[in-house]
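Engineer: Just work-v3.cif, nothing more (mmCIF, C-alpha atoms):
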```
data_protein
#
loop_
_atom_site.label_atom_id
_atom_site.label_comp_id
_atom_site.auth_asym_id
_atom_site.auth_seq_id
_atom_site.Cartn_x
_atom_site.Cartn_y
_atom_site.Cartn_z
CA MET A 1 84.62 -179.74 -40.50
CA GLN A 2 88.14 -180.81 -39.53
CA ARG A 3 88.55 -184.52 -40.21
CA ARG A 4 90.62 -186.61 -37.82
CA ILE A 5 90.87 -189.34 -40.48
CA PRO A 6 91.09 -188.53 -44.22
CA LEU A 7 88.12 -189.26 -46.42
CA PHE A 8 88.45 -192.46 -48.49
CA THR A 9 91.68 -193.42 -46.77
CA SER A 10 93.48 -196.78 -46.94
CA GLU A 11 95.83 -195.97 -44.09
CA GLY A 12 94.14 -198.58 -41.89
CA VAL A 13 95.84 -201.33 -43.91
CA HIS A 14 99.61 -201.66 -43.50
CA ASP A 15 102.23 -203.65 -45.38
CA ALA A 16 99.99 -204.35 -48.34
CA GLU A 17 100.07 -203.49 -52.02
CA VAL A 18 96.97 -201.40 -52.74
CA THR A 19 95.62 -201.14 -56.27
CA VAL A 20 92.34 -199.74 -57.59
CA HIS A 21 90.51 -201.46 -60.44
CA PRO A 22 87.74 -199.52 -62.20
CA PHE A 23 85.19 -201.51 -64.19
CA ALA A 24 81.88 -200.91 -65.93
CA THR A 25 78.51 -202.57 -65.46
CA GLY A 26 76.24 -203.80 -68.22
CA ASP A 27 73.95 -200.81 -67.73
CA GLY A 28 76.77 -198.31 -68.03
CA LEU A 29 77.88 -197.39 -64.52
CA GLY A 30 81.49 -197.04 -63.47
CA LEU A 31 82.35 -198.90 -60.25
CA THR A 32 85.59 -199.84 -58.50
CA LEU A 33 87.34 -202.68 -56.75
CA THR A 34 90.22 -202.02 -54.37
CA ARG A 35 92.75 -204.82 -53.95
CA TYR A 36 94.87 -205.28 -50.82
CA ARG A 37 97.57 -207.89 -51.36
CA ARG A 38 100.53 -209.33 -49.51
CA ALA A 39 102.99 -211.90 -50.78
CA PRO A 40 102.27 -215.36 -49.31
CA ALA A 41 104.74 -216.27 -46.57
CA GLY A 42 107.69 -218.49 -47.41
CA GLY A 43 107.01 -218.67 -51.13
CA ALA A 44 103.74 -220.51 -50.58
CA ALA A 45 101.16 -220.85 -53.32
CA PRO A 46 98.79 -217.89 -53.80
CA ALA A 47 96.18 -217.78 -51.05
CA ASP A 48 92.44 -217.84 -51.53
CA ALA A 49 90.95 -214.42 -52.31
CA VAL A 50 88.18 -212.70 -50.35
CA LEU A 51 85.70 -210.17 -51.74
CA LEU A 52 84.18 -207.69 -49.26
CA VAL A 53 80.78 -206.14 -49.99
CA HIS A 54 79.32 -203.12 -48.17
CA GLY A 55 75.66 -202.20 -47.70
CA LEU A 56 73.55 -199.21 -48.69
CA THR A 57 74.78 -195.82 -47.44
CA THR A 58 78.26 -197.13 -46.63
CA SER A 59 81.24 -198.05 -48.82
CA SER A 60 84.40 -200.13 -48.82
CA ASP A 61 85.65 -197.67 -46.16
CA MET A 62 83.79 -199.71 -43.53
CA PHE A 63 86.35 -202.48 -44.03
CA VAL A 64 89.53 -200.38 -43.71
CA MET A 65 88.86 -198.16 -40.70
CA PRO A 66 92.22 -197.05 -39.21
CA GLU A 67 90.90 -196.25 -35.72
CA HIS A 68 90.92 -199.96 -34.79
CA ASP A 69 91.74 -203.37 -36.22
CA ASN A 70 89.60 -203.61 -39.34
CA LEU A 71 88.36 -206.59 -41.34
CA THR A 72 90.76 -206.13 -44.27
CA ALA A 73 93.80 -206.01 -42.00
CA HIS A 74 92.47 -208.93 -39.98
CA LEU A 75 92.08 -211.08 -43.09
CA LEU A 76 95.58 -210.19 -44.31
CA ASP A 77 97.01 -211.03 -40.89
CA HIS A 78 95.26 -214.40 -40.78
CA GLY A 79 96.33 -215.99 -44.02
CA PHE A 80 93.96 -214.40 -46.53
CA THR A 81 96.55 -212.32 -48.33
CA ASP A 82 94.45 -211.25 -51.32
CA VAL A 83 91.49 -209.10 -50.28
CA TRP A 84 89.21 -207.23 -52.68
CA ALA A 85 86.75 -204.54 -51.53
CA LEU A 86 83.89 -203.74 -53.89
CA ASP A 87 82.24 -200.34 -54.22
CA HIS A 88 78.97 -201.11 -56.01
CA ARG A 89 76.31 -198.60 -57.04
CA MET A 90 75.01 -198.19 -53.49
CA SER A 91 78.42 -196.90 -52.31
CA ASN A 92 78.64 -193.40 -50.90
CA ARG A 93 81.83 -192.93 -52.93
CA PHE A 94 79.71 -192.42 -56.05
CA PRO A 95 77.19 -189.71 -56.97
CA TYR A 96 74.47 -192.14 -58.02
CA ASP A 97 72.37 -191.70 -54.87
CA LEU A 98 72.57 -187.91 -55.08
CA ALA A 99 70.18 -187.83 -58.03
CA CYS A 100 66.63 -189.01 -58.55
CA HIS A 101 67.12 -192.55 -59.86
CA ARG A 102 65.02 -195.67 -60.19
CA PHE A 103 67.64 -198.28 -59.38
CA THR A 104 66.39 -201.31 -57.47
CA LEU A 105 68.16 -204.16 -55.74
CA ASP A 106 67.58 -206.15 -58.95
CA ASP A 107 69.97 -203.80 -60.75
CA VAL A 108 72.73 -204.51 -58.25
CA ALA A 109 72.18 -208.27 -58.53
CA LEU A 110 71.91 -208.25 -62.33
CA TYR A 111 74.64 -205.79 -63.27
CA ASP A 112 77.07 -205.07 -60.43
CA PHE A 113 78.03 -208.50 -59.14
CA PRO A 114 78.58 -210.30 -62.46
CA ALA A 115 80.77 -207.41 -63.66
CA ALA A 116 82.68 -207.30 -60.37
CA PHE A 117 83.31 -211.05 -60.37
CA ALA A 118 84.48 -210.89 -63.98
CA GLU A 119 86.94 -208.14 -63.08
CA VAL A 120 88.30 -210.06 -60.09
CA ARG A 121 88.70 -213.24 -62.14
CA ALA A 122 90.46 -211.30 -64.90
CA HIS A 123 93.22 -210.61 -62.37
CA LEU A 124 93.11 -213.80 -60.31
CA GLY A 125 92.75 -216.31 -63.10
CA ALA A 126 90.65 -219.43 -62.69
CA ALA A 127 92.70 -221.23 -60.03
CA PRO A 128 92.42 -219.33 -56.70
CA ARG A 129 89.28 -219.91 -54.70
CA LEU A 130 87.14 -216.84 -54.05
CA HIS A 131 85.17 -216.21 -50.84
CA VAL A 132 82.69 -213.42 -50.09
CA ILE A 133 81.86 -211.47 -46.93
CA ALA A 134 78.84 -209.23 -47.50
CA HIS A 135 76.77 -206.92 -45.32
CA CYS A 136 73.15 -205.71 -45.23
CA LEU A 137 71.74 -204.88 -48.67
CA GLY A 138 75.11 -205.84 -50.13
CA ALA A 139 74.46 -209.28 -48.64
CA VAL A 140 70.88 -209.30 -49.93
CA THR A 141 71.87 -208.41 -53.49
CA PHE A 142 74.82 -210.81 -53.46
CA ALA A 143 72.49 -213.60 -52.32
CA MET A 144 70.04 -212.60 -55.06
CA SER A 145 72.77 -212.80 -57.71
CA LEU A 146 73.94 -216.13 -56.29
CA ALA A 147 70.41 -217.58 -56.29
CA ALA A 148 69.93 -216.37 -59.87
CA GLY A 149 73.08 -218.20 -60.95
CA LEU A 150 74.70 -214.99 -62.17
CA VAL A 151 77.73 -215.45 -59.91
CA THR A 152 79.27 -218.87 -59.57
CA ASP A 153 82.38 -220.57 -58.29
CA VAL A 154 82.14 -219.00 -54.83
CA ALA A 155 84.00 -221.17 -52.32
CA SER A 156 82.08 -219.85 -49.30
CA ALA A 157 80.20 -216.74 -48.24
CA VAL A 158 79.37 -214.88 -45.05
CA VAL A 159 76.18 -212.81 -45.30
CA ASN A 160 75.52 -210.46 -42.41
CA SER A 161 72.22 -209.11 -41.09
CA SER A 162 70.00 -210.11 -44.01
CA ALA A 163 70.00 -212.31 -47.10
CA LEU A 164 66.86 -213.63 -48.84
CA VAL A 165 64.38 -212.91 -46.04
CA LEU A 166 63.78 -209.35 -44.81
CA ARG A 167 62.00 -208.88 -41.48
CA PRO A 168 62.69 -205.38 -40.16
CA PRO A 169 61.06 -204.09 -36.96
CA LEU A 170 57.53 -202.69 -37.03
CA TRP A 171 58.59 -199.03 -36.90
CA SER A 172 60.93 -199.64 -39.85
CA ARG A 173 58.04 -201.10 -41.82
CA CYS A 174 56.00 -197.99 -41.09
CA LYS A 175 58.83 -195.80 -42.38
CA LEU A 176 59.14 -197.91 -45.53
CA ARG A 177 55.50 -197.17 -46.33
CA VAL A 178 55.78 -193.41 -45.88
CA VAL A 179 59.33 -192.22 -46.46
CA PRO A 180 59.81 -192.66 -50.25
CA GLY A 181 56.74 -190.66 -51.24
CA LEU A 182 57.17 -188.10 -48.47
CA THR A 183 60.81 -187.48 -49.38
CA GLU A 184 60.40 -187.27 -53.16
CA TYR A 185 56.95 -185.75 -53.64
CA VAL A 186 56.36 -183.67 -50.51
CA LEU A 187 59.85 -182.53 -49.52
CA GLY A 188 61.06 -182.52 -53.13
CA LEU A 189 64.29 -184.37 -52.29
CA PRO A 190 65.55 -187.48 -54.12
CA TYR A 191 67.58 -188.81 -51.20
CA LEU A 192 68.17 -188.78 -47.45
CA ASN A 193 71.57 -187.73 -46.20
CA PRO A 194 73.22 -188.10 -42.75
CA ALA A 195 75.45 -185.14 -43.68
CA TRP A 196 72.48 -182.73 -43.78
CA PRO A 197 73.36 -181.36 -40.31
CA GLN A 198 76.44 -179.82 -41.97
CA ASP A 199 74.36 -177.94 -44.56
CA ALA A 200 73.87 -174.18 -44.42
CA PRO A 201 71.34 -172.87 -41.88
CA PHE A 202 67.68 -172.85 -42.94
CA THR A 203 68.21 -175.20 -45.89
CA ARG A 204 65.74 -178.07 -46.15
CA GLY A 205 68.29 -180.69 -45.23
CA ARG A 206 69.51 -178.80 -42.17
CA MET A 207 65.96 -178.19 -40.96
CA ILE A 208 65.01 -181.86 -41.42
CA ALA A 209 68.08 -182.88 -39.44
CA ARG A 210 67.16 -180.50 -36.61
CA LEU A 211 63.65 -181.94 -36.52
CA VAL A 212 64.99 -185.51 -36.42
CA SER A 213 67.32 -184.64 -33.54
CA LEU A 214 64.33 -183.64 -31.39
CA PHE A 215 63.42 -187.33 -31.23
CA HIS A 216 66.93 -188.63 -30.54
CA PRO A 217 68.25 -187.66 -27.10
CA GLU A 218 70.72 -190.55 -26.98
CA CYS A 219 73.74 -188.52 -28.10
CA ARG A 220 74.75 -185.07 -29.32
CA ALA A 221 75.66 -186.04 -32.89
CA PRO A 222 72.96 -184.99 -35.39
CA SER A 223 74.41 -187.27 -38.09
CA CYS A 224 73.98 -190.24 -35.79
CA HIS A 225 70.34 -189.23 -35.35
CA MET A 226 69.88 -189.01 -39.13
CA VAL A 227 71.29 -192.49 -39.68
CA SER A 228 68.84 -193.87 -37.11
CA ALA A 229 65.98 -192.08 -38.88
CA MET A 230 67.04 -193.50 -42.24
CA TRP A 231 67.41 -197.10 -41.04
CA GLY A 232 66.05 -199.25 -38.29
CA SER A 233 64.22 -198.66 -35.05
CA GLY A 234 66.05 -197.46 -31.98
CA ARG A 235 68.14 -194.79 -30.31
CA PRO A 236 70.55 -195.42 -31.95
CA ALA A 237 69.33 -197.93 -34.51
CA LEU A 238 72.36 -199.20 -36.41
CA TYR A 239 74.72 -199.93 -33.53
CA ASP A 240 75.23 -199.72 -29.79
CA HIS A 241 77.19 -196.63 -28.80
CA ALA A 242 79.25 -198.69 -26.37
CA ARG A 243 80.44 -200.87 -29.25
CA MET A 244 81.74 -197.95 -31.31
CA SER A 245 84.94 -195.97 -30.99
CA PRO A 246 84.34 -192.25 -30.34
CA VAL A 247 86.44 -191.62 -33.46
CA THR A 248 84.05 -193.73 -35.52
CA HIS A 249 81.08 -191.91 -34.03
CA ASP A 250 82.62 -188.61 -35.15
CA ARG A 251 83.06 -190.04 -38.67
CA ILE A 252 79.38 -190.92 -39.23
CA PRO A 253 78.92 -188.26 -42.00
CA ASP A 254 81.86 -189.78 -43.90
CA LEU A 255 81.12 -193.48 -43.31
CA PHE A 256 77.39 -193.27 -44.08
CA GLY A 257 76.27 -191.45 -47.20
CA ALA A 258 73.12 -190.36 -48.98
CA THR A 259 70.45 -192.93 -49.77
CA GLY A 260 68.29 -192.84 -52.86
CA VAL A 261 64.79 -193.58 -51.54
CA HIS A 262 63.69 -195.75 -54.47
CA TYR A 263 65.62 -198.64 -52.95
CA TYR A 264 63.16 -198.41 -50.05
CA ARG A 265 60.31 -199.28 -52.40
CA HIS A 266 61.96 -202.55 -53.38
CA ILE A 267 62.69 -203.34 -49.74
CA ARG A 268 59.04 -202.63 -48.95
CA ALA A 269 57.95 -205.08 -51.66
CA MET A 270 60.24 -207.75 -50.19
CA VAL A 271 58.94 -207.14 -46.67
CA ARG A 272 55.38 -207.53 -47.91
CA ALA A 273 56.28 -210.76 -49.70
CA GLY A 274 58.24 -212.06 -46.74
CA ARG A 275 61.21 -212.85 -48.98
CA ALA A 276 63.45 -211.42 -51.69
CA VAL A 277 61.39 -210.92 -54.84
CA LYS A 278 61.86 -209.13 -58.15
CA TYR A 279 60.57 -205.55 -58.15
CA ARG A 280 59.02 -205.64 -61.62
CA PRO A 281 58.01 -209.21 -62.55
CA GLY A 282 57.48 -209.55 -66.26
CA ASP A 283 59.88 -206.75 -67.22
CA PRO A 284 62.01 -208.27 -70.03
CA ALA A 285 65.03 -206.24 -68.92
CA TYR A 286 65.21 -208.49 -65.85
CA ARG A 287 64.37 -211.83 -67.45
CA ASP A 288 67.65 -213.34 -66.19
CA LEU A 289 66.47 -212.89 -62.60
CA PRO A 290 63.91 -215.11 -60.83
CA ASP A 291 60.65 -213.62 -59.65
CA ASP A 292 61.19 -215.32 -56.27
CA TYR A 293 64.83 -215.48 -55.17
CA LEU A 294 64.15 -217.64 -52.14
CA GLU A 295 62.55 -220.33 -54.27
CA ALA A 296 65.54 -220.16 -56.61
CA ALA A 297 67.88 -220.64 -53.64
CA SER A 298 67.40 -224.41 -53.84
CA GLY A 299 70.04 -224.33 -56.58
CA ILE A 300 72.70 -222.68 -54.40
CA THR A 301 75.75 -224.87 -53.79
CA THR A 302 77.93 -222.33 -51.94
CA PRO A 303 78.37 -222.92 -48.19
CA LEU A 304 76.83 -219.96 -46.35
CA LEU A 305 77.34 -218.52 -42.88
CA LEU A 306 74.45 -216.22 -41.96
CA THR A 307 75.46 -213.82 -39.20
CA THR A 308 73.82 -211.07 -37.19
CA GLY A 309 74.00 -209.34 -33.85
CA ASP A 310 71.41 -210.48 -31.36
CA ARG A 311 70.45 -206.80 -30.84
CA ASN A 312 69.91 -206.03 -34.52
CA ARG A 313 67.42 -203.17 -34.75
CA VAL A 314 67.62 -202.81 -38.53
CA MET A 315 66.94 -206.27 -39.93
CA ALA A 316 65.89 -207.86 -36.61
CA ALA A 317 65.48 -211.62 -37.04
CA SER A 318 65.89 -211.65 -40.84
CA ASN A 319 68.88 -213.99 -40.98
CA PRO A 320 67.61 -216.50 -38.41
CA ALA A 321 64.42 -216.75 -40.48
CA CYS A 322 66.40 -216.99 -43.70
CA GLN A 323 68.61 -219.77 -42.34
CA ARG A 324 65.54 -221.83 -41.50
CA GLU A 325 64.22 -221.35 -45.03
CA LEU A 326 67.57 -222.23 -46.61
CA ALA A 327 67.92 -225.32 -44.43
CA ALA A 328 64.67 -226.60 -45.90
CA ARG A 329 65.64 -225.83 -49.50
CA ALA A 330 69.36 -226.64 -49.48
CA PRO A 331 70.00 -228.84 -46.43
CA GLY A 332 73.45 -228.72 -44.89
CA LEU A 333 74.75 -225.70 -46.83
CA SER A 334 73.99 -222.92 -44.35
CA ARG A 335 74.48 -222.21 -40.69
CA LEU A 336 73.70 -219.31 -38.36
CA ARG A 337 75.97 -217.35 -36.01
CA LEU A 338 74.62 -214.76 -33.56
CA PHE A 339 76.97 -212.23 -31.97
CA PRO A 340 75.88 -211.41 -28.41
CA GLY A 341 75.56 -207.72 -27.61
CA TYR A 342 76.00 -206.60 -31.22
CA GLY A 343 73.53 -204.94 -33.53
CA HIS A 344 73.60 -204.28 -37.26
CA GLN A 345 76.59 -202.16 -38.26
CA ASP A 346 78.84 -202.65 -35.24
CA VAL A 347 79.42 -206.26 -36.29
CA PHE A 348 82.00 -204.87 -38.74
CA MET A 349 82.61 -201.34 -37.45
CA GLY A 350 82.77 -201.96 -33.72
CA LYS A 351 85.94 -201.19 -31.79
CA ASP A 352 86.15 -204.79 -30.53
CA SER A 353 84.90 -206.59 -33.64
CA ALA A 354 88.36 -208.01 -34.32
CA ARG A 355 88.13 -209.83 -30.99
CA ASP A 356 84.44 -210.74 -30.88
CA VAL A 357 83.41 -211.21 -34.53
CA PHE A 358 86.20 -211.54 -37.09
CA PRO A 359 87.67 -214.85 -35.81
CA HIS A 360 84.32 -216.55 -36.47
CA LEU A 361 84.37 -215.27 -40.06
CA THR A 362 87.94 -216.34 -40.80
CA ASP A 363 87.33 -219.74 -39.17
CA PHE A 364 84.38 -220.32 -41.52
CA LEU A 365 86.33 -219.26 -44.60
CA ALA A 366 89.26 -221.46 -43.53
CA GLU A 367 86.97 -224.49 -43.51
CA HIS A 368 86.47 -224.00 -47.25
CA THR A 369 89.95 -223.03 -48.42
CA GLY A 370 91.78 -224.94 -51.11
#
```
Rewrite the structure from the file as structure tokens, please.

Structural biologist:
Amino acid sequence: MQRRIPLFTSEGVHDAEVTVHPFATGDGLGLTLTRYRRAPAGGAAPADAVLLVHGLTTSSDMFVMPEHDNLTAHLLDHGFTDVWALDHRMSNRFPYDLACHRFTLDDVALYDFPAAFAEVRAHLGAAPRLHVIAHCLGAVTFAMSLAAGLVTDVASAVVNSSALVLRPPLWSRCKLRVVPGLTEYVLGLPYLNPAWPQDAPFTRGRMIARLVSLFHPECRAPSCHMVSAMWGSGRPALYDHARMSPVTHDRIPDLFGATGVHYYRHIRAMVRAGRAVKYRPGDPAYRDLPDDYLEAASGITTPLLLTTGDRNRVMAASNPACQRELAARAPGLSRLRLFPGYGHQDVFMGKDSARDVFPHLTDFLAEHTG
């Protein structure tokens, strides 16, 4: 496949110093933070920093897409001149989802975020205020870590699509019940991969992709069909085609990676509970995490903006429901913003997101700057 845009590129961000900061988690995984920094204008004091957090199957690449104005560049252009992009264990830049693992969302909350925040603070120092913009299961696990008190001193946070309440559509719930066991124990595969259409003919992955495409007549891109099969309910499920650049649509195999199916089991447990809950209550390895994250959210003091597209076919009305719950537990700290005509992933990856979405995010962060 001839790529129009290089894999793992930072060319979408101009006039910034780019540095990569590897760090290790408490359970022994190597992760990375990428820092995009500009000097404050006119010798001003250092600006507040912003940490960007991707969801499952994606990576920090979703924030630096060169085919249109991306979130990192938008932040740098609008006064937030110190932007950090986290690649946690669910990133497609790492091999962790290409093996049979038993990671859960608890692992991300317990190990990845505290280590990432410690690494950022080691470079920032204690003075600059730190904001967070997080998406999908990155938003869920960040909210879990925040509710558990494992990350602190967050000036404000935007959590997109889902947080501490997960309410996917009915068809998604059906898939959550069947897919993990079917994939691992019947098909003998530890993960699902939108790049399977590129596999050799007659391999299992290629044949599964061809079967999936039979049910997705909405476009001619098999990787797009696979992403819809992996997440959400719809044709397509993660975004509206009209919201996406054709270049982005061609990049689906690069922007969305393999997904270890054990994460689905934890999501299924949360859907059954109606809220974010620990996967293995009573396991001493996770004693620093609450059994019920939503109940623990009463201790959150960080101002939160819960966002979602009003056509979200992955997490549906999860964030509207979560905002109601948070308003009852921590009055005045959260608000909700719906983006008309947007779905799940196109909130950040859409060709017009810089016009329709990003100003609302920067306005919220600006309310809580130092």

Engineer: Applying the PyMOL selection byres ((chain A and resi 158) around 9) to the file I just gave you, which residues come out? Please list them as a PyMOL selection string.

Structural biologist: chain A and resi 131-135+139+156-157+159-160+303-307+361+364-365

Engineer: Quick one: which residues end up in the PyMOL selection byres ((chain A and resi 10) around 12) for this structure, as number ranges by chain?

Structural biologist: A: 5-9, 11-20, 34-36, 60-67, 70, 72-73, 85

Engineer: Identify which of the residues A:Ile267, A:Pro168, A:Pro194, A:Thr259 lies closest to Thr104 in chain A, counting all atoms listed in the file when measuring atom-to-atom distances.

Structural biologist: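 Between A:Ile267, A:Pro168, A:Pro194, A:Thr259, the residue approaching Thr104 in chain A most closely is A:Ile267.
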
Engineer: With distances taken over only C-alpha atoms, which of A:Phe23, A:Phe94, A:Phe103, A:Tyr185 is nearest to Val120 in chain A?

Structural biologist: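 Closest candidate: A:Phe23.
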
Engineer: Quick one: which range 218-321 of chain A residues come within 12 Å of range 174-180 of chain A, and what is the nearest atom pair for each with the distance in Å to one decimal, counting only C-alpha atoms, rows ordered by chain and ascending number, as CSV?

Structural biologist:
```
residue,atom,partner,partner_atom,distance
A:Ser228,CA,A:Lys175,CA,11.5
A:Ala229,CA,A:Lys175,CA,8.8
A:Met230,CA,A:Lys175,CA,8.5
A:Trp231,CA,A:Lys175,CA,8.8
A:Gly232,CA,A:Lys175,CA,9.0
A:Ser233,CA,A:Lys175,CA,9.5
A:Thr259,CA,A:Pro180,CA,10.7
A:Gly260,CA,A:Pro180,CA,8.9
A:Val261,CA,A:Pro180,CA,5.2
A:His262,CA,A:Pro180,CA,6.5
A:Tyr263,CA,A:Pro180,CA,8.8
A:Tyr264,CA,A:Leu176,CA,6.1
A:Arg265,CA,A:Pro180,CA,7.0
A:His266,CA,A:Leu176,CA,9.5
A:Ile267,CA,A:Leu176,CA,7.7
A:Arg268,CA,A:Leu176,CA,5.8
A:Ala269,CA,A:Leu176,CA,9.5
A:Met270,CA,A:Leu176,CA,10.9
A:Val271,CA,A:Leu176,CA,9.3
A:Arg272,CA,A:Arg177,CA,10.5
A:Val314,CA,A:Lys175,CA,11.9
```

Engineer: What does the file look like for those residues with C-alpha atoms, as a PDB file, keeping the file's coordinate frame?

Structural biologist:
```
ATOM      1  CA  SER A 228      68.840-193.870 -37.110  1.00  0.00           C
ATOM      2  CA  ALA A 229      65.980-192.080 -38.880  1.00  0.00           C
ATOM      3  CA  MET A 230      67.040-193.500 -42.240  1.00  0.00           C
ATOM      4  CA  TRP A 231      67.410-197.100 -41.040  1.00  0.00           C
ATOM      5  CA  GLY A 232      66.050-199.250 -38.290  1.00  0.00           C
ATOM      6  CA  SER A 233      64.220-198.660 -35.050  1.00  0.00           C
ATOM      7  CA  THR A 259      70.450-192.930 -49.770  1.00  0.00           C
ATOM      8  CA  GLY A 260      68.290-192.840 -52.860  1.00  0.00           C
ATOM      9  CA  VAL A 261      64.790-193.580 -51.540  1.00  0.00           C
ATOM     10  CA  HIS A 262      63.690-195.750 -54.470  1.00  0.00           C
ATOM     11  CA  TYR A 263      65.620-198.640 -52.950  1.00  0.00           C
ATOM     12  CA  TYR A 264      63.160-198.410 -50.050  1.00  0.00           C
ATOM     13  CA  ARG A 265      60.310-199.280 -52.400  1.00  0.00           C
ATOM     14  CA  HIS A 266      61.960-202.550 -53.380  1.00  0.00           C
ATOM     15  CA  ILE A 267      62.690-203.340 -49.740  1.00  0.00           C
ATOM     16  CA  ARG A 268      59.040-202.630 -48.950  1.00  0.00           C
ATOM     17  CA  ALA A 269      57.950-205.080 -51.660  1.00  0.00           C
ATOM     18  CA  MET A 270      60.240-207.750 -50.190  1.00  0.00           C
ATOM     19  CA  VAL A 271      58.940-207.140 -46.670  1.00  0.00           C
ATOM     20  CA  ARG A 272      55.380-207.530 -47.910  1.00  0.00           C
ATOM     21  CA  VAL A 314      67.620-202.810 -38.530  1.00  0.00           C
TER      22      VAL A 314
END
```

Engineer: Using the chain letters and numbers from the file, give me the residues hit by the PyMOL selection byres ((chain A and resi 254) around 10), as a PyMOL selection string.

Structural biologist: chain A and resi 3+5-8+57-59+61+92-93+194-195+223+248+250-253+255-257

Engineer: Can I get range 62-76 of chain A with N, CA and C atoms filled in, as a PDB file, in the frame of the given file?

Structural biologist:
```
ATOM      1  N   MET A  62      84.158-199.027 -44.770  1.00  0.00           N
ATOM      2  CA  MET A  62      83.790-199.710 -43.530  1.00  0.00           C
ATOM      3  C   MET A  62      84.695-200.897 -43.230  1.00  0.00           C
ATOM      4  N   PHE A  63      85.463-201.325 -44.221  1.00  0.00           N
ATOM      5  CA  PHE A  63      86.350-202.480 -44.030  1.00  0.00           C
ATOM      6  C   PHE A  63      87.810-202.096 -43.818  1.00  0.00           C
ATOM      7  N   VAL A  64      88.130-200.801 -43.834  1.00  0.00           N
ATOM      8  CA  VAL A  64      89.530-200.380 -43.710  1.00  0.00           C
ATOM      9  C   VAL A  64      89.697-199.263 -42.683  1.00  0.00           C
ATOM     10  N   MET A  65      88.870-199.243 -41.668  1.00  0.00           N
ATOM     11  CA  MET A  65      88.860-198.160 -40.700  1.00  0.00           C
ATOM     12  C   MET A  65      90.150-198.155 -39.875  1.00  0.00           C
ATOM     13  N   PRO A  66      90.915-197.068 -39.890  1.00  0.00           N
ATOM     14  CA  PRO A  66      92.220-197.050 -39.210  1.00  0.00           C
ATOM     15  C   PRO A  66      92.144-196.866 -37.703  1.00  0.00           C
ATOM     16  N   GLU A  67      90.972-196.515 -37.157  1.00  0.00           N
ATOM     17  CA  GLU A  67      90.900-196.250 -35.720  1.00  0.00           C
ATOM     18  C   GLU A  67      90.940-197.517 -34.869  1.00  0.00           C
ATOM     19  N   HIS A  68      90.808-198.684 -35.512  1.00  0.00           N
ATOM     20  CA  HIS A  68      90.920-199.960 -34.790  1.00  0.00           C
ATOM     21  C   HIS A  68      91.210-201.051 -35.809  1.00  0.00           C
ATOM     22  N   ASP A  69      91.473-202.253 -35.321  1.00  0.00           N
ATOM     23  CA  ASP A  69      91.740-203.370 -36.220  1.00  0.00           C
ATOM     24  C   ASP A  69      90.526-203.603 -37.100  1.00  0.00           C
ATOM     25  N   ASN A  70      90.718-203.514 -38.408  1.00  0.00           N
ATOM     26  CA  ASN A  70      89.600-203.610 -39.340  1.00  0.00           C
ATOM     27  C   ASN A  70      89.603-204.971 -40.034  1.00  0.00           C
ATOM     28  N   LEU A  71      88.518-205.255 -40.764  1.00  0.00           N
ATOM     29  CA  LEU A  71      88.360-206.590 -41.340  1.00  0.00           C
ATOM     30  C   LEU A  71      89.416-206.878 -42.403  1.00  0.00           C
ATOM     31  N   THR A  72      89.745-205.904 -43.235  1.00  0.00           N
ATOM     32  CA  THR A  72      90.760-206.130 -44.270  1.00  0.00           C
ATOM     33  C   THR A  72      92.097-206.502 -43.650  1.00  0.00           C
ATOM     34  N   ALA A  73      92.530-205.717 -42.665  1.00  0.00           N
ATOM     35  CA  ALA A  73      93.800-206.010 -42.000  1.00  0.00           C
ATOM     36  C   ALA A  73      93.747-207.358 -41.288  1.00  0.00           C
ATOM     37  N   HIS A  74      92.608-207.660 -40.686  1.00  0.00           N
ATOM     38  CA  HIS A  74      92.470-208.930 -39.980  1.00  0.00           C
ATOM     39  C   HIS A  74      92.607-210.111 -40.946  1.00  0.00           C
ATOM     40  N   LEU A  75      91.975-210.011 -42.092  1.00  0.00           N
ATOM     41  CA  LEU A  75      92.080-211.080 -43.090  1.00  0.00           C
ATOM     42  C   LEU A  75      93.526-211.238 -43.553  1.00  0.00           C
ATOM     43  N   LEU A  76      94.187-210.133 -43.865  1.00  0.00           N
ATOM     44  CA  LEU A  76      95.580-210.190 -44.310  1.00  0.00           C
ATOM     45  C   LEU A  76      96.481-210.808 -43.248  1.00  0.00           C
TER      46      LEU A  76
END
```
